[in-house]
Every structure is written in structure tokens, then in C-alpha cells.
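model.txt (compact mmCIF, C-alpha atoms) appears below.
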# COMPACT_ATOMS: atom_id res chain seq x y z
CA MET A 166 140.37 114.76 157.51
CA ASN A 167 136.79 115.31 158.37
CA LYS A 168 134.60 112.22 158.05
CA ASN A 169 131.87 114.27 156.41
CA TYR A 170 134.14 115.10 153.48
CA LEU A 171 134.86 111.46 152.87
CA PHE A 172 131.21 110.64 153.01
CA LEU A 173 130.30 113.44 150.60
CA ALA A 174 133.02 112.39 148.16
CA GLY A 175 131.82 108.79 148.34
CA LEU A 176 128.26 109.87 147.60
CA MET A 177 129.39 111.87 144.58
CA ILE A 178 131.18 108.84 143.16
CA VAL A 179 128.10 106.67 143.66
CA LEU A 180 125.91 109.22 141.89
CA ALA A 181 128.43 109.53 139.09
CA ALA A 182 128.37 105.76 138.69
CA GLY A 183 124.65 106.14 138.05
CA LEU A 184 125.51 107.74 134.71
CA LEU A 185 126.72 104.36 133.51
CA VAL A 186 123.25 102.87 133.72
CA LEU A 187 121.62 105.67 131.73
CA PRO A 188 120.25 104.40 128.40
CA GLU A 189 122.49 104.81 125.41
CA ARG A 190 121.73 107.96 123.53
CA GLU A 191 120.42 107.41 120.01
CA ASN A 192 122.33 109.20 117.31
CA TYR A 193 119.19 110.60 115.73
CA VAL A 194 116.67 113.11 117.00
CA GLN A 195 113.18 111.69 117.00
CA ILE A 196 110.38 114.16 116.59
CA ALA A 197 107.58 114.21 119.13
CA PRO A 198 104.55 112.01 118.39
CA GLU A 199 102.28 115.08 118.40
CA ASP A 200 104.37 116.74 115.69
CA LEU A 201 104.55 113.52 113.71
CA MET A 202 100.77 113.19 113.79
CA TRP A 203 100.37 116.80 112.71
CA ASP A 204 102.78 116.34 109.79
CA ALA A 205 101.20 113.04 108.79
CA VAL A 206 97.81 114.62 108.07
CA GLN A 207 99.13 117.46 105.88
CA GLN A 208 98.74 117.44 102.13
CA THR A 209 102.19 119.01 101.70
CA LYS A 210 103.84 115.63 101.96
CA PHE A 211 102.67 114.78 98.45
CA PHE A 212 104.20 115.51 95.08
CA ASN A 213 101.85 114.69 92.23
CA VAL A 214 103.05 112.68 89.26
CA ASP A 215 103.20 115.75 87.01
CA GLN A 216 105.61 117.46 89.39
CA VAL A 217 107.77 114.35 89.61
CA ALA A 218 107.77 113.92 85.82
CA GLY A 219 108.75 117.57 85.42
CA MET A 220 111.60 117.20 87.88
CA ILE A 221 112.92 114.08 86.15
CA ILE A 222 112.76 115.69 82.72
CA ASN A 223 114.48 118.84 83.94
CA ASN A 224 117.17 116.76 85.68
CA ASP A 225 116.37 118.47 88.98
CA PRO A 226 119.56 117.97 91.02
CA THR A 227 117.66 118.03 94.33
CA LEU A 228 115.41 115.10 93.44
CA MET A 229 116.08 111.66 94.85
CA LEU A 230 113.51 109.06 93.88
CA VAL A 231 113.28 106.12 96.24
CA ASP A 232 111.47 102.96 95.25
CA VAL A 233 110.23 101.25 98.42
CA ARG A 234 108.94 98.13 96.67
CA GLY A 235 110.81 94.84 96.70
CA GLN A 236 113.98 94.34 94.70
CA LYS A 237 112.28 92.09 92.15
CA ASP A 238 109.67 94.72 91.29
CA PHE A 239 112.38 97.34 91.11
CA ASN A 240 114.40 95.31 88.64
CA GLU A 241 111.39 94.84 86.41
CA PHE A 242 110.45 98.48 86.26
CA SER A 243 111.55 101.63 88.00
CA LEU A 244 111.48 105.34 87.35
CA LYS A 245 114.50 106.98 85.80
CA ASN A 246 117.39 107.57 88.24
CA SER A 247 115.54 106.08 91.19
CA ILE A 248 117.22 103.98 93.86
CA ASN A 249 115.73 100.96 95.57
CA ILE A 250 115.26 100.88 99.35
CA PRO A 251 112.74 98.12 100.15
CA LEU A 252 110.47 99.16 103.03
CA ASP A 253 111.66 96.33 105.25
CA SER A 254 115.27 97.50 105.02
CA LEU A 255 114.53 101.22 105.21
CA LEU A 256 116.54 101.60 108.40
CA SER A 257 119.39 99.27 107.55
CA PRO A 258 122.76 101.02 107.83
CA ASN A 259 123.39 100.55 104.11
CA TYR A 260 120.74 103.09 103.22
CA GLU A 261 121.13 105.52 106.10
CA ASP A 262 123.21 107.94 104.07
CA TYR A 263 120.62 108.32 101.32
CA LEU A 264 117.89 109.84 103.46
CA GLY A 265 119.74 112.44 105.47
CA ILE A 266 121.30 114.48 102.69
CA GLU A 267 120.74 118.18 103.16
CA ASP A 268 118.72 120.00 100.47
CA MET A 269 117.74 116.78 98.72
CA ASN A 270 114.05 116.08 98.23
CA VAL A 271 113.54 112.39 98.84
CA VAL A 272 110.41 111.19 97.02
CA PHE A 273 109.12 107.76 98.01
CA TYR A 274 107.02 105.74 95.59
CA ALA A 275 105.46 102.27 95.46
CA ASN A 276 102.58 100.72 93.56
CA ASP A 277 100.17 103.04 95.35
CA ASN A 278 100.34 105.38 98.33
CA ILE A 279 100.32 103.04 101.29
CA LYS A 280 103.87 101.65 101.34
CA ALA A 281 105.38 105.01 100.45
CA ASP A 282 103.37 106.67 103.22
CA ARG A 283 104.64 104.14 105.75
CA ALA A 284 108.22 104.79 104.71
CA TRP A 285 107.44 108.48 105.04
CA VAL A 286 106.07 108.18 108.60
CA ILE A 287 109.03 106.10 109.80
CA GLY A 288 111.53 108.40 108.10
CA ARG A 289 109.85 111.52 109.48
CA ARG A 290 109.92 110.04 112.96
CA MET A 291 113.68 109.62 112.62
CA GLY A 292 113.84 113.36 112.09
CA TYR A 293 114.61 113.42 108.36
CA HIS A 294 113.31 116.49 106.59
CA ASN A 295 112.38 116.93 102.93
CA LEU A 296 110.62 113.59 102.62
CA TYR A 297 107.77 113.36 100.13
CA ILE A 298 105.44 110.82 98.55
CA MET A 299 104.62 110.50 94.86
CA GLU A 300 100.84 110.73 95.07
CA GLY A 301 99.10 107.66 93.71
CA GLY A 302 102.35 105.78 93.10
CA LEU A 303 103.15 103.94 89.91
CA ASN A 304 99.48 103.20 89.21
CA SER A 305 98.92 106.94 88.86
CA TRP A 306 102.15 107.28 86.94
CA ILE A 307 100.87 104.92 84.25
CA ASN A 308 97.34 106.37 84.28
CA CYS A 309 98.40 109.99 84.04
CA ILE A 310 101.85 110.18 82.47
CA ILE A 311 102.27 107.12 80.30
CA LYS A 312 98.63 106.82 79.18
CA PRO A 313 97.25 110.37 79.44
CA GLN A 314 93.53 110.88 78.82
CA LYS A 315 92.53 113.60 76.42
CA PRO A 316 90.34 116.14 78.27
CA ASP A 317 86.81 116.96 77.09
CA GLU A 318 86.15 119.92 74.90
CA ALA A 319 84.51 121.67 77.85
CA GLN A 320 87.61 121.50 80.01
CA PRO A 321 89.58 124.69 80.74
CA SER A 322 92.69 125.39 78.72
CA SER A 323 94.88 124.46 81.66
CA ALA A 324 93.64 120.89 81.34
CA PHE A 325 94.76 120.87 77.73
CA ALA A 326 98.13 122.34 78.67
CA GLN A 327 98.49 119.58 81.25
CA TYR A 328 97.52 117.00 78.63
CA GLU A 329 100.12 118.35 76.25
CA PHE A 330 102.73 118.14 78.99
CA ARG A 331 101.76 114.58 79.81
CA LYS A 332 101.83 113.57 76.17
CA GLY A 333 105.30 115.02 75.86
CA ALA A 334 106.37 113.32 79.07
CA SER A 335 104.99 110.03 77.83
CA ILE A 336 107.10 110.34 74.69
CA TYR A 337 110.10 111.24 76.83
CA PHE A 338 109.71 108.23 79.10
CA THR A 339 108.69 105.58 76.60
CA GLY A 340 110.44 106.82 73.51
CA ALA A 341 107.18 106.20 71.70
CA GLU A 342 107.55 108.45 68.68
CA LEU A 343 111.26 108.38 68.28
CA LYS A 344 110.94 105.60 65.73
CA THR A 345 108.78 107.63 63.41
CA ALA A 346 110.59 110.88 63.95
CA ASP A 347 113.65 110.14 61.77
CA LYS A 348 111.73 108.35 59.08
CA LYS A 349 110.94 111.20 56.73
CA ASN A 350 110.00 110.35 53.21
CA SER A 351 112.78 111.43 50.98
CA VAL A 352 111.83 112.27 47.47
CA LYS A 353 114.60 112.04 44.96
CA VAL A 354 114.13 114.39 42.12
CA VAL A 355 116.12 113.60 39.06
CA LYS A 356 116.65 116.66 37.02
CA ARG A 357 116.73 116.44 33.38
CA LYS A 358 120.10 116.83 31.84
CA LYS A 359 120.53 119.13 29.05
CA GLY A 360 121.99 117.26 26.19
CA SER A 361 123.63 120.04 24.32
CA ALA A 362 123.18 123.67 23.71
CA VAL A 363 120.87 123.19 20.81
CA ALA A 364 118.92 120.32 22.29
CA GLY A 365 115.60 121.61 23.39
CA GLY A 366 113.19 124.38 23.23
CA CYS A 367 110.74 125.77 20.83
CA MET X 880 137.71 126.49 161.64
CA HIS X 881 135.06 125.37 159.15
CA VAL X 882 131.52 126.49 159.27
CA HIS X 883 130.02 123.06 159.52
CA GLU X 884 132.02 122.26 162.53
CA LEU X 885 129.83 124.71 164.35
CA ASN X 886 126.77 122.79 163.31
CA PRO X 887 127.50 119.17 162.28
CA LYS X 888 123.94 118.70 160.94
CA ARG X 889 124.56 121.27 158.23
CA THR X 890 126.49 118.81 156.08
CA ILE X 891 123.71 116.27 156.31
CA ILE X 892 121.12 118.87 155.29
CA THR X 893 123.26 120.00 152.33
CA MET X 894 123.69 116.42 151.21
CA ILE X 895 120.00 115.68 151.42
CA ILE X 896 119.09 118.76 149.37
CA PHE X 897 121.78 117.86 146.85
CA VAL X 898 120.49 114.32 146.38
CA VAL X 899 116.86 115.43 146.20
CA VAL X 900 117.64 117.97 143.47
CA ILE X 901 119.49 115.39 141.39
CA VAL X 902 116.81 112.74 141.79
CA VAL X 903 114.00 115.16 140.97
CA GLY X 904 116.00 116.39 137.99
CA LEU X 905 116.54 112.88 136.69
CA PHE X 906 112.87 112.05 136.75
CA THR X 907 111.47 115.28 135.38
CA LEU X 908 114.09 116.55 132.97
CA THR X 909 113.11 115.02 129.64
CA SER X 910 109.88 113.26 130.18
CA PRO X 911 107.58 114.02 127.24
CA ARG X 912 103.89 113.31 127.64
CA LEU X 913 103.84 110.77 124.84
CA LYS X 914 106.59 108.29 124.18
CA TYR X 915 107.16 105.87 121.36
CA LYS X 916 106.73 102.37 122.71
CA ILE X 917 108.43 100.63 119.84
CA SER X 918 111.66 101.56 118.10
CA PRO X 919 111.66 102.51 114.41
CA VAL X 920 113.29 99.19 113.54
CA GLU X 921 110.53 97.27 115.34
CA ALA X 922 107.95 99.44 113.61
CA VAL X 923 109.35 98.46 110.23
CA THR X 924 109.24 94.78 111.11
CA THR X 925 105.60 94.97 112.25
CA LEU X 926 104.73 96.40 108.84
CA ALA X 927 105.67 93.10 107.20
CA ASP X 928 102.39 91.71 108.57
CA ASP X 929 99.72 91.71 105.88
CA ASN X 930 96.85 91.64 108.34
CA LEU X 931 96.99 95.23 109.56
CA GLY X 932 93.82 96.58 108.04
CA VAL X 933 90.16 95.67 108.38
CA ASP X 934 88.10 94.96 105.30
CA ALA X 935 84.82 96.78 104.80
CA SER X 936 83.00 93.47 104.54
CA ASN X 937 84.02 92.64 108.13
CA ILE X 938 82.88 95.91 109.65
CA ASP X 939 79.28 94.92 110.30
CA ASN X 940 80.37 91.62 111.83
CA MET X 941 82.87 93.28 114.11
CA LEU X 942 80.45 95.95 115.27
CA SER X 943 77.72 93.48 116.08
CA GLY X 944 80.20 91.94 118.50
CA SER X 945 80.39 88.45 117.09
CA THR X 946 84.18 88.54 117.40
CA THR X 947 86.03 90.96 119.64
CA PRO X 948 84.21 94.13 120.75
CA THR X 949 85.10 96.94 118.39
CA ILE X 950 84.53 100.65 118.18
CA LEU X 951 84.87 102.81 115.08
CA ILE X 952 86.54 106.20 115.06
CA ASP X 953 86.11 108.62 112.19
CA ILE X 954 89.30 110.67 112.01
CA ARG X 955 88.03 113.21 109.48
CA ASN X 956 86.97 116.72 110.46
CA ASN X 957 83.55 117.67 111.83
CA TYR X 958 82.11 118.79 108.51
CA ASP X 959 82.94 115.59 106.68
CA TYR X 960 81.63 113.57 109.59
CA ALA X 961 78.37 115.53 109.59
CA ARG X 962 77.88 114.92 105.89
CA GLY X 963 77.95 111.18 106.36
CA HIS X 964 79.72 108.50 108.30
CA ILE X 965 79.58 104.81 109.04
CA PRO X 966 76.77 104.11 111.52
CA SER X 967 77.93 103.99 115.17
CA ALA X 968 81.26 105.65 114.37
CA GLU X 969 82.34 108.47 116.60
CA ASN X 970 84.28 111.51 115.43
CA ILE X 971 87.75 112.28 116.77
CA SER X 972 90.02 114.00 114.28
CA ALA X 973 93.51 112.60 113.84
CA VAL X 974 95.33 115.37 115.70
CA GLU X 975 92.82 115.33 118.58
CA LEU X 976 93.44 111.61 119.02
CA LEU X 977 96.65 112.48 120.87
CA SER X 978 95.03 114.87 123.34
CA VAL X 979 95.31 114.01 127.04
CA ASP X 980 91.73 112.77 127.39
CA ASN X 981 91.72 110.71 124.24
CA ILE X 982 95.05 109.03 125.00
CA LYS X 983 93.61 108.09 128.39
CA ARG X 984 90.53 106.68 126.72
CA LEU X 985 92.60 104.75 124.14
CA ASN X 986 94.68 103.28 126.95
CA GLU X 987 91.53 102.14 128.73
CA LEU X 988 90.23 100.56 125.54
CA LYS X 989 93.53 98.80 125.02
CA ASN X 990 93.58 97.47 128.57
CA SER X 991 90.07 96.10 128.26
CA ASN X 992 90.93 94.39 124.94
CA ILE X 993 88.55 96.40 122.81
CA SER X 994 89.81 96.85 119.28
CA VAL X 995 89.54 100.19 117.56
CA VAL X 996 89.16 100.76 113.82
CA ILE X 997 89.99 104.21 112.48
CA TYR X 998 89.04 105.43 109.04
CA GLY X 999 89.26 108.48 106.82
CA ASP X 1000 87.94 109.21 103.35
CA THR X 1001 90.73 107.31 101.69
CA PRO X 1002 93.06 104.62 103.03
CA ILE X 1003 95.96 107.05 102.86
CA GLN X 1004 94.17 109.43 105.23
CA ALA X 1005 94.03 106.82 107.98
CA ASN X 1006 97.35 105.14 107.26
CA GLY X 1007 99.64 107.84 108.68
CA PRO X 1008 97.71 108.38 111.94
CA TRP X 1009 97.38 104.63 112.31
CA LEU X 1010 101.13 104.13 112.01
CA VAL X 1011 101.79 106.90 114.55
CA LEU X 1012 99.40 105.25 117.04
CA GLN X 1013 100.97 101.89 116.33
CA GLN X 1014 104.36 103.29 117.30
CA LEU X 1015 102.85 104.67 120.51
CA GLY X 1016 102.04 101.08 121.43
CA PHE X 1017 98.33 100.92 120.56
CA SER X 1018 98.46 97.53 118.89
CA ASN X 1019 94.67 97.17 119.23
CA ILE X 1020 94.09 99.90 116.63
CA LYS X 1021 93.56 98.97 113.02
CA TYR X 1022 92.51 100.96 109.99
CA LEU X 1023 89.71 100.44 107.53
CA LEU X 1024 91.02 99.20 104.19
CA GLY X 1025 89.84 101.49 101.43
CA GLY X 1026 88.43 104.10 103.78
CA TYR X 1027 84.96 105.62 103.80
CA GLU X 1028 84.78 106.06 100.03
CA TYR X 1029 85.35 102.37 99.52
CA TYR X 1030 82.90 101.53 102.29
CA LEU X 1031 80.19 103.46 100.45
CA ARG X 1032 80.95 101.74 97.16
CA PHE X 1033 81.03 98.41 98.95
CA LYS X 1034 77.59 99.05 100.45
CA GLU X 1035 76.28 100.11 97.07
CA ALA X 1036 77.72 97.06 95.37
CA ALA X 1037 76.58 94.71 98.11
CA LYS X 1038 72.98 95.79 97.47
CA ASP X 1039 73.13 94.80 93.82
CA ASP X 1040 75.40 91.87 94.48
CA HIS X 1041 77.79 93.11 91.86
CA CYS X 1042 81.47 92.67 92.02
CA VAL X 1043 83.06 95.01 94.54
CA PRO X 1044 85.50 97.51 93.13
CA ALA X 1045 89.12 97.26 94.08
CA PHE X 1046 90.70 99.41 96.76
CA GLU X 1047 94.23 100.50 97.42
CA ASN X 1048 95.86 97.27 98.46
CA GLY X 1049 99.41 97.80 97.32
CA ASN X 1050 99.05 95.81 94.14
CA ALA X 1051 100.26 96.86 90.75
CA GLU X 1052 97.41 97.61 88.37
CA TYR X 1053 99.65 97.19 85.36
CA ASN X 1054 102.70 95.37 84.25
CA TYR X 1055 104.70 98.57 84.37
CA ALA X 1056 107.68 97.28 82.47
CA GLU X 1057 105.44 96.11 79.63
CA ILE X 1058 103.52 99.36 79.29
CA ALA X 1059 106.35 101.79 79.75
CA LYS X 1060 108.96 100.08 77.63
CA ALA X 1061 110.34 101.92 74.68
CA ASN X 1062 108.47 101.88 71.37
CA SER X 1063 105.21 100.66 72.88
CA GLY X 1064 103.56 104.03 72.47
CA GLY X 1065 100.13 102.48 72.18
CA SER X 1066 98.47 105.49 73.70
CA ILE X 1067 99.92 108.16 71.56
CA GLU X 1068 98.31 108.68 68.25
CA SER X 1069 101.18 109.04 65.87
CA SER X 1070 100.77 109.91 62.24
CA ALA X 1071 102.75 108.41 59.40
CA THR X 1072 103.37 105.07 60.95
CA SER X 1073 103.70 103.05 57.79
CA GLU X 1074 106.86 103.52 55.91
CA LYS X 1075 106.51 105.16 52.56
CA LYS X 1076 108.64 104.07 49.71
CA HIS X 1077 111.11 106.37 48.15
CA THR X 1078 109.62 107.98 45.17
CA ILE X 1079 111.96 108.52 42.33
CA VAL X 1080 110.68 110.74 39.66
CA ARG X 1081 112.14 110.04 36.33
CA ARG X 1082 111.88 112.43 33.54
CA LYS X 1083 112.12 111.49 29.96
CA LYS X 1084 115.52 112.20 28.47
CA LYS X 1085 115.76 114.05 25.32
CA GLY X 1086 117.53 112.00 22.79
CA ALA X 1087 119.17 114.35 20.46
CA ALA X 1088 119.09 117.88 19.33
CA THR X 1089 116.52 117.16 16.68
CA ALA X 1090 114.31 115.05 18.85
CA GLY X 1091 112.21 117.70 20.46
CA GLY X 1092 110.28 120.52 19.16
CA CYS X 1093 106.74 121.49 18.99

Here is a file; write its structure as C-alpha cells.
Amino acid sequence: MNKNYLFLAGLMIVLAAGLLVLPERENYVQIAPEDLMWDAVQQTKFFNVDQVAGMIINNDPTLMLVDVRGQKDFNEFSLKNSINIPLDSLLSPNYEDYLGIEDMNVVFYANDNIKADRAWVIGRRMGYHNLYIMEGGLNSWINCIIKPQKPDEAQPSSAFAQYEFRKGASIYFTGAELKTADKKNSVKVVKRKKGSAVAGGC
Amino acid sequence: MHVHELNPKRTIITMIIFVVVIVVGLFTLTSPRLKYKISPVEAVTTLADDNLGVDASNIDNMLSGSTTPTILIDIRNNYDYARGHIPSAENISAVELLSVDNIKRLNELKNSNISVVIYGDTPIQANGPWLVLQQLGFSNIKYLLGGYEYYLRFKEAAKDDHCVPAFENGNAEYNYAEIAKANSGGSIESSATSEKKHTIVRRKKKGAATAGGC
């Protein structure tokens, strides 16, 4: 056999062996830093607290609330139906399945924006879509939903509509008026009995 | 009779071209301009550090060069920058920060150990771009805690020596569990809070047929 063939075959095998030293392919598709930066400065990554409250009340099936605070804070208080993924274990394999669900809107929240935004940036880099941040976090949640401020008289009617919504939401989330709702004053009226046919009357 | 037997050098030439194509392909195939220097897992662990931002009270000190040399970058758009900015800050919007020239400049700054502080109107505006740059390996970049709005308030308050208002620092403003627990309802004005007693109205019974009358 020609020596050249042997040489060529040997070279092919050596090159093929080079594939072994290629870095292991990650099982996620990272998005380019330029795209990540572009996405990170958009306002569309926010849901405001009114939108989140509306989705919770309407039992929106596409909503997944993720609390990125520590476990202790989560146990003390959390929003209805939210799950806890502390920021430092965001990428642990236990929680991987929660973020990548198709058609689910994952909404991160923390005390304020910062932690939720960091979770958002990391998650977005991993190529997860439909990630959002609850704007203002739980501080805004308390200020706007649980303790709504009555708008001035000069405000447009939409502000009053929003106030009405927030008041209703506050009742929904705290159960504030439920106690008084079923406590109607019952007035017992005792009707006079007629003694006999001839009893009364002028 | 094979072709190469006519010209033994042909095999060598084919092999060389073959190897060159593969090597060139390996080095140019997927080589994006910007690459993440740290993995997502490492990025998460760096976030555990509490000392990632720069407080407004330190800005003047840092700029005057008493510690490490520092430059300020305003990442808002041109209009906002023109309306007012921190003295000596330069304006490069967040997206432009990743342009070829600016990345080169940031690399030079990093290599000469100059720290960079970026800021936007609010802390949240600078936080995302900061975290992207952090993942690109620019560990010399920090962000201004509280942003420009807080800086202005800080300057205002520092003049009067009043207490400085709080900025977004990740703390809870309320004890959420206390405020949002059922039946608190302090905020909602509810009528009829006190329980009324049952009122039983009794009417006088007529005694007998002869009892009444006008």
C-alpha cells in the first residue's frame, strides 16, 4: 500500500483525537452579551404591582412568582402561590426546572428591585425567556396594594379606579373586612299574637 | 495507476490545504467579539459580596484621587446627561458601553487599575448593565448606590446637615408579615366595626277580649 495513504490516515486520526480536547458543550444556550445588555435596559422587563396583584387574583395560570430572598424571609412572608429560590441558589439543579417552562411568566421579587434584577440578568443570560421583575418589590407591594393612598380630588378618574382596585386587592390579600362582612345586625320583630277573634279593634 | 503517482508532491499539497482549512475553521468558527469571562455560577457567587456598590458620600473622595484613581460614567442618554450630571462624569449610554472602542478603553482602564463607577437615574438603571460588565470580566467597575437621584438628594441634605434619605439597599421597609396578615386592615376604613346588640322589639300583649278598646 502506498505510504502516503498511511500517512494521510494517521493524520486524520490525530485530528480526530483533537475533538477530545474540545471544551464540553454547555446544555444551555447563552445569549450574546450585546443582546443581554440591550434587554437589560428595557422597561419591558417590569411588571408593576397592580399587574401582579391582578394576575394573582384572577388565578392567571401562566404566572409563576419567584421569591429570591432568603428562606427565612420567605417563611415569614411571601406572596400567594410564590415559590422560594434564594438568589445564591438560583442555578442549583433543584430549581432548574422552574425557570425553563414554556409559556410561563416567571416574575422575580425581593424587598426592592436590586436582587430581583440580578436574578433576571443571570437568568436571561442562561437563555430563559419570559422572565420579569415585580417593579419596586415587596416595599411597593405594601405601599401600593396593602396600604393604598387615596388620590386627591384633582386626580383623573383612572386614579380613582386604580385606588378602588387596590382597595379591593388589599381586602383580598389581607382579609381585612371579612370579619365585619358577616356581622349584620339582625332585628327580631315579635309580632303581636291575636288572642281571639273578638280581641281587639275599635 | 493513481494520479498522485505521477506527481508525488500532490498528496503533500492536498494534506497541507486540508490541515490549514481545519485549523483556520477551528479558530474562526464561533468566536464572538465579546465573551463572558465568568460562568453564571461564578457570577451568582460574586453577588454574595455586599461591597459591590459605591456610596454617594464616597464619590468626592474617590474622584479627588485620595484612594484609587476613579472615573465616573453616566450611562443615561444624551438628553438626561445634558440636563444635569455629576461633575466630571462622562456620558456613555449602557448599550454603547459594549461598542468596539469603548470595550478597548474599558480594558485599558482595567489593566491600569483605574476603577470605574457607572450610574443611572436610579440604582436599578445601573444594576443590569453593571452585572453584564461584571460577567464580561470587568471587576474594576462598580455602580453608584442610589443612582443620580439619590446623589442629588444626598448633596441637598449634606448642605443642611440633615439626615440623608434612604436609598434602595435591599432592606425591607416593613415587617411584611405583620402588615399583611389577615384582619389587620388598618388602612381600610370600614364602617360598622362595633358589634351592635340584637334588638328585640316587644309589643304589649292584649290580655283579653275586653281589655282593649278606645

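The residue that comes closest to chain X, out of A:Ala181, A:Ala319, A:Ala326, A:Val352 and on the basis of all atoms listed in the file, is A:Val352.
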
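Atom CA of Lys914 of chain X sits 6.4 Å away from atom CA of Leu1015 of chain X.
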
Polymer residues at most 8 Å from Val355 of chain A, only C-alpha atoms, same-chain spacing of 3 or more positions, as a PDB file with C-alpha atoms, in the frame of the given file:
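Generated file (out.pdb):
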ATOM      1  CA  ILE X1079     111.960 108.520  42.330  1.00  0.00           C
ATOM      2  CA  VAL X1080     110.680 110.740  39.660  1.00  0.00           C
ATOM      3  CA  ARG X1081     112.140 110.040  36.330  1.00  0.00           C
ATOM      4  CA  ARG X1082     111.880 112.430  33.540  1.00  0.00           C
TER       5      ARG X1082
END

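The spacing separating atom CA of Leu905 of chain X from atom CA of Ser918 of chain X amounts to 22.3 Å.
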
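In terms of minimum interatomic distance to chain X, A:Phe338 ranks closest within A:Phe273, A:Phe338, A:Tyr328, A:Tyr263, counting all atoms listed in the file.
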
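Across the structure, atom CA of Asp1000 of chain X and atom CA of Tyr1027 of chain X are spaced 4.7 Å apart.
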
Pick out the residues sitting within 9 Å of segment 255-259 of chain A, and hand them over as a PDB file with C-alpha atoms, in the coordinates of the input; count all atoms listed in the file, and ignore anything fewer than 6 positions along from it in its own chain.
ATOM      1  CA  VAL A 233     110.230 101.250  98.420  1.00  0.00           C
ATOM      2  CA  ALA A 284     108.220 104.790 104.710  1.00  0.00           C
ATOM      3  CA  ILE A 287     109.030 106.100 109.800  1.00  0.00           C
ATOM      4  CA  GLY A 288     111.530 108.400 108.100  1.00  0.00           C
TER       5      GLY A 288
ATOM      6  CA  PRO X 919     111.660 102.510 114.410  1.00  0.00           C
ATOM      7  CA  VAL X 920     113.290  99.190 113.540  1.00  0.00           C
ATOM      8  CA  VAL X 923     109.350  98.460 110.230  1.00  0.00           C
TER       9      VAL X 923
END

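Among A:Leu296, A:Val194, A:Ile248, A:Leu303, the residue with the shortest atom-to-atom distance to chain X, counting all atoms listed in the file, is A:Leu303.
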
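Proximity to Leu931 of chain X was assessed for A:Leu252, A:Asn304, A:Thr339, A:Ile279 counting only C-alpha atoms; the smallest distance is recorded for A:Ile279.
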
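When all atoms listed in the file are used to measure the gap to chain X, the shortest distance among A:Ile250, A:Val272, A:Met202, A:Gly235 belongs to A:Met202.
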
Exercise for review: Please identify all polymer residues lying at most 8 Å from the point (89.2, 115.3, 114.5) (file coordinates), using all atoms listed in the file, and present the result as an NGL selection string.
Suggested key: :X and (953-957 or 970-976)

Exercise for review: Select, from A:Asp262, A:Asp268, A:Asp215, A:Asp253, the residue with the minimum atom-to-atom distance to chain X, counting only C-alpha atoms.
Suggested key: A:Asp253

What lies within 8 Å of Thr949 of chain X using all atoms listed in the file, ignoring chain neighbours under 2 positions off, as a CSV table (one decimal) with C-alpha atoms, keeping the file's coordinate frame?
chain,number,residue,atom,x,y,z
X,941,MET,CA,82.9,93.3,114.1
X,942,LEU,CA,80.4,96.0,115.3
X,944,GLY,CA,80.2,91.9,118.5
X,947,THR,CA,86.0,91.0,119.6
X,951,LEU,CA,84.9,102.8,115.1
X,993,ILE,CA,88.6,96.4,122.8
X,994,SER,CA,89.8,96.8,119.3
X,995,VAL,CA,89.5,100.2,117.6
X,996,VAL,CA,89.2,100.8,113.8

Exercise for review: With a distance cut-off of 10 Å and all atoms listed in the file, select the neighbouring residues of Leu913 of chain X, excluding the residue or stretch itself and same-chain residues fewer than 5 positions from it, and output the selection as an NGL selection string.
Suggested key: (:A and (197-199)) or (:X and (977-979 or 982 or 1015))
